[in-house]
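Pasted below: run-v3.pdb, PDB, C-alpha atoms and all ligand atoms.
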```
ATOM      1  CA  MET A  20       6.506 -14.465  35.242
ATOM      2  CA  THR A  21       8.072 -12.219  32.639
ATOM      3  CA  PHE A  22       8.574 -13.018  29.021
ATOM      4  CA  PRO A  23      11.617 -11.822  27.136
ATOM      5  CA  GLU A  24      10.781  -8.713  25.156
ATOM      6  CA  LYS A  25      10.084  -9.288  21.542
ATOM      7  CA  LYS A  26      13.116  -8.328  19.465
ATOM      8  CA  GLU A  27      12.387  -5.832  16.778
ATOM      9  CA  SER A  28      13.130  -7.312  13.378
ATOM     10  CA  LYS A  29      15.649  -5.563  11.179
ATOM     11  CA  HIS A  30      13.755  -6.660   8.092
ATOM     12  CA  ALA A  31      10.500  -5.777   6.429
ATOM     13  CA  THR A  32       8.489  -7.445   3.726
ATOM     14  CA  VAL A  33       8.094  -5.980   0.263
ATOM     15  CA  ARG A  34       6.089  -7.369  -2.616
ATOM     16  CA  LEU A  35       7.752  -7.846  -5.989
ATOM     17  CA  PRO A  36       6.138  -8.658  -9.304
ATOM     18  CA  LYS A  37       6.345 -12.421  -9.897
ATOM     19  CA  THR A  38       8.123 -11.930 -13.204
ATOM     20  CA  MET A  39      10.881 -10.027 -11.437
ATOM     21  CA  LEU A  40      11.139 -12.752  -8.834
ATOM     22  CA  SER A  41      11.616 -15.375 -11.565
ATOM     23  CA  ALA A  42      14.270 -13.219 -13.209
ATOM     24  CA  ILE A  43      16.165 -12.966  -9.920
ATOM     25  CA  GLU A  44      15.854 -16.726  -9.335
ATOM     26  CA  GLU A  45      17.253 -17.368 -12.812
ATOM     27  CA  PHE A  46      20.121 -14.966 -12.110
ATOM     28  CA  LEU A  47      20.906 -16.746  -8.832
ATOM     29  CA  LYS A  48      21.578 -19.965 -10.785
ATOM     30  CA  THR A  49      24.351 -18.306 -12.813
ATOM     31  CA  GLU A  50      28.078 -18.437 -12.204
ATOM     32  CA  GLU A  51      28.137 -14.639 -12.059
ATOM     33  CA  ALA A  52      25.749 -14.637  -9.101
ATOM     34  CA  LYS A  53      27.867 -17.206  -7.267
ATOM     35  CA  LYS A  54      31.025 -15.257  -8.020
ATOM     36  CA  GLN A  55      29.508 -12.097  -6.560
ATOM     37  CA  GLY A  56      28.386 -13.968  -3.458
ATOM     38  CA  PHE A  57      24.637 -13.749  -4.045
ATOM     39  CA  LEU A  58      22.811 -16.626  -2.370
ATOM     40  CA  TYR A  59      19.298 -15.341  -1.795
ATOM     41  CA  ILE A  60      16.766 -13.138  -3.570
ATOM     42  CA  THR A  61      17.226 -10.611  -0.768
ATOM     43  CA  ASP A  62      20.950 -10.300  -1.582
ATOM     44  CA  VAL A  63      20.212  -9.297  -5.169
ATOM     45  CA  VAL A  64      17.388  -6.892  -4.347
ATOM     46  CA  THR A  65      19.372  -5.202  -1.566
ATOM     47  CA  GLU A  66      22.420  -4.706  -3.777
ATOM     48  CA  ALA A  67      20.335  -3.411  -6.692
ATOM     49  CA  VAL A  68      18.535  -0.867  -4.522
ATOM     50  CA  ARG A  69      21.769   0.251  -2.853
ATOM     51  CA  GLU A  70      23.392   0.774  -6.230
ATOM     52  CA  TYR A  71      20.395   2.705  -7.543
ATOM     53  CA  LEU A  72      20.247   5.013  -4.535
ATOM     54  CA  THR A  73      23.984   5.697  -4.728
ATOM     55  CA  SER A  74      23.729   6.555  -8.403
ATOM     56  CA  ARG A  75      20.933   9.007  -7.580
ATOM     57  CA  ARG A  76      22.865  10.665  -4.773
ATOM     58  CA  PHE A  77      25.021  12.966  -6.911
ATOM     59  CA  GLU A  78      23.932  15.322  -9.639
ATOM     60  CA  PHE A  79      26.429  16.974 -11.954
ATOM     61  CA  ILE A  80      25.452  20.662 -11.982
ATOM     62  CA  ASN A  81      28.164  22.201 -14.149
ATOM     63  CA  HIS A  82      31.813  22.458 -14.977
ATOM     64  CA  ASP A  83      33.821  25.623 -15.562
ATOM     65  CA  GLU A  84      37.450  26.731 -15.467
ATOM     66  CA  LYS A  85      37.598  26.373 -11.674
ATOM     67  CA  GLY A  86      36.093  22.940 -11.365
ATOM     68  CA  VAL A  87      32.900  20.975 -10.964
ATOM     69  CA  LYS A  88      29.725  21.711  -9.033
ATOM     70  CA  ILE A  89      27.921  18.663  -7.675
ATOM     71  CA  HIS A  90      24.589  18.480  -5.901
ATOM     72  CA  ASP A  91      24.687  15.929  -3.091
ATOM     73  CA  ARG A  92      21.085  14.868  -2.514
ATOM     74  CA  GLN A  93      21.986  12.944   0.618
ATOM     75  CA  LEU A  94      23.687  15.864   2.357
ATOM     76  CA  HIS A  95      21.399  18.445   0.710
ATOM     77  CA  ARG A  96      24.493  20.461  -0.151
ATOM     78  CA  VAL A  97      26.473  21.567  -3.170
ATOM     79  CA  ALA A  98      30.066  20.362  -3.390
ATOM     80  CA  ASP A  99      32.607  22.430  -5.317
ATOM     81  CA  VAL A 100      35.381  20.207  -6.582
ATOM     82  CA  TYR A 101      38.318  22.341  -7.701
ATOM     83  CA  ILE A 102      40.521  20.955 -10.432
ATOM     84  CA  ARG A 103      43.914  22.604 -10.596
ATOM     85  CA  PRO A 104      47.372  21.823 -11.971
ATOM     86  CA  GLU A 105      48.520  20.782  -8.486
ATOM     87  CA  GLY A 106      45.592  18.454  -7.875
ATOM     88  CA  VAL A 107      41.936  18.238  -6.871
ATOM     89  CA  TRP A 108      40.184  19.611  -3.816
ATOM     90  CA  CYS A 109      36.648  19.226  -2.475
ATOM     91  CA  ASP A 110      35.605  22.432  -0.783
ATOM     92  CA  LEU A 111      32.663  20.786   0.960
ATOM     93  CA  CYS A 112      34.699  18.021   2.610
ATOM     94  CA  LYS A 113      37.936  20.047   2.774
ATOM     95  CA  THR A 114      39.879  17.108   1.425
ATOM     96  CA  LYS A 115      41.739  15.764  -1.610
ATOM     97  CA  GLN A 116      39.851  12.481  -1.550
ATOM     98  CA  CYS A 117      36.116  12.009  -1.175
ATOM     99  CA  GLU A 118      33.062  10.685  -2.965
ATOM    100  CA  HIS A 119      32.473  14.038  -4.696
ATOM    101  CA  ILE A 120      35.943  13.959  -6.199
ATOM    102  CA  THR A 121      35.475  10.373  -7.325
ATOM    103  CA  PHE A 122      32.154  11.340  -8.897
ATOM    104  CA  ALA A 123      33.720  14.355 -10.643
ATOM    105  CA  LEU A 124      36.697  12.402 -11.945
ATOM    106  CA  THR A 125      34.580   9.538 -13.243
ATOM    107  CA  HIS A 126      31.792  11.621 -14.767
ATOM    108  CA  LYS A 127      31.435  10.985 -18.497
ATOM    109  CA  GLU A 128      31.295  14.681 -19.456
ATOM    110  CA  MET A 129      34.606  15.324 -17.682
ATOM    111  CA  GLN A 130      36.701  12.705 -19.455
ATOM    112  CA  PRO A 131      37.897  14.738 -22.484
ATOM    113  CA  TYR A 132      38.808  17.699 -20.237
ATOM    114  CA  LEU A 133      40.633  15.521 -17.683
ATOM    115  CA  LYS A 134      42.513  13.674 -20.414
ATOM    116  CA  LYS A 135      43.700  16.978 -21.884
ATOM    117  CA  LYS A 136      44.783  18.330 -18.495
ATOM    118  CA  ARG A 137      46.620  15.114 -17.589
ATOM    119  CA  GLU A 138      48.491  15.406 -20.883
ATOM    120  CA  GLU A 139      49.393  18.970 -19.905
ATOM    121  CA  GLY A 140      50.958  17.531 -16.759
ATOM    122  CA  TRP A 141      48.249  18.329 -14.217
ATOM    123  CA  ASN A 142      48.482  16.218 -11.100
ATOM    124  CA  LEU A 143      45.045  14.597 -11.330
ATOM    125  CA  PRO A 144      44.518  11.261  -9.611
ATOM    126  CA  GLU A 145      43.163   8.371 -11.637
ATOM    127  CA  PRO A 146      39.996   7.197  -9.909
ATOM    128  CA  GLU A 147      39.991   3.509  -8.916
TER
HETATM  129 ZN    ZN B   1      33.567  15.976  -0.952
END
```
Since I need it in another form, could you write the structure as structure tokens?
Ligand SMILES: [Zn+2]
Amino acid sequence: MTFPEKKESKHATVRLPKTMLSAIEEFLKTEEAKKQGFLYITDVVTEAVREYLTSRRFEFINHDEKGVKIHDRQLHRVADVYIRPEGVWCDLCKTKQCEHITFALTHKEMQPYLKKKREEGWNLPEPE
């Protein structure tokens, strides 16, 4: 007689401080949590960790006349995003639309420069 093989679980257990757990439980009772579709503690923790890791992925290296240099920690590469009157271009992805461009166009340090260039008529997309 053979038994069905044990399925490997896609989840693992982590331990959280109890105070954090209470804070999450309190949050889950709010309208905001319901609106965002959070039902369980896991939903909140997963989303928070995902957001944190995404925010850590890109590092703004510098900005000069040609464009922006971004370190992508996930790809272990540097992305050069060129900002020109005719538009933007990511030299790493060879495209006009990617996460590096979104990061460059939404970076706080870039806003005064981008505003000035848009006023000069540069064809720079507004990030969503
Ligand atoms: Zn890119």
*Given the file shown, determine the residues that the PyMOL selection byres (((chain A and resi 90) around 10) and not hetatm) selects; report them as a ChimeraX atom specification.*
/A:76-81,88-89,91-99,119
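Every residue that the PyMOL selection byres (((not hetatm)) within 10 of (chain B and resi 1)) selects in this file is listed here: Ile89, Asp91, Val97, Ala98, Asp99, Val100, Trp108, Cys109, Asp110, Leu111, Cys112, Lys113, Thr114, Lys115, Gln116, Cys117, Glu118, His119, Ile120, Thr121, Phe122 and Ala123 of chain A.
In this structure, CA of Lys26 in chain A sits 27.6 Å away from CA of Ala67 in chain A.
Here CA of Thr38 in chain A and CA of Arg69 in chain A stand 21.0 Å from one another.
With distances restricted to only C-alpha atoms, A:Val64 is the closest residue to Ala42 in chain A from A:Gly140, A:Val64, A:Leu124, A:Lys54.
Our summary of the geometry notes that CA of Pro104 in chain A is positioned 11.2 Å from CA of Pro144 in chain A.
Taking only C-alpha atoms into account, Arg34 in chain A lies nearest to A:Thr61 out of the set A:Leu143, A:Thr61, A:Ala52, A:Lys136.
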Any chance you could work out the axis-aligned box around range 29-36 of chain A, listed atoms only, 5 Å on each side, giving centre and edge lengths in Å to one decimal, as JSON?
```
{"center_x": 10.9, "center_y": -7.1, "center_z": 0.9, "size_x": 19.6, "size_y": 13.1, "size_z": 30.5}
```
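The list of residues with at least one atom within 6 Å of Tyr101 in chain A, based on all atoms listed in the file and without residues fewer than 2 positions apart in the same chain, reads Lys85, Gly86, Val107 and Trp108 of chain A.
Taking only C-alpha atoms into account, Asp62 in chain A lies nearest to A:Leu47 out of the set A:Ile102, A:Leu35, A:Leu47, A:Leu133.
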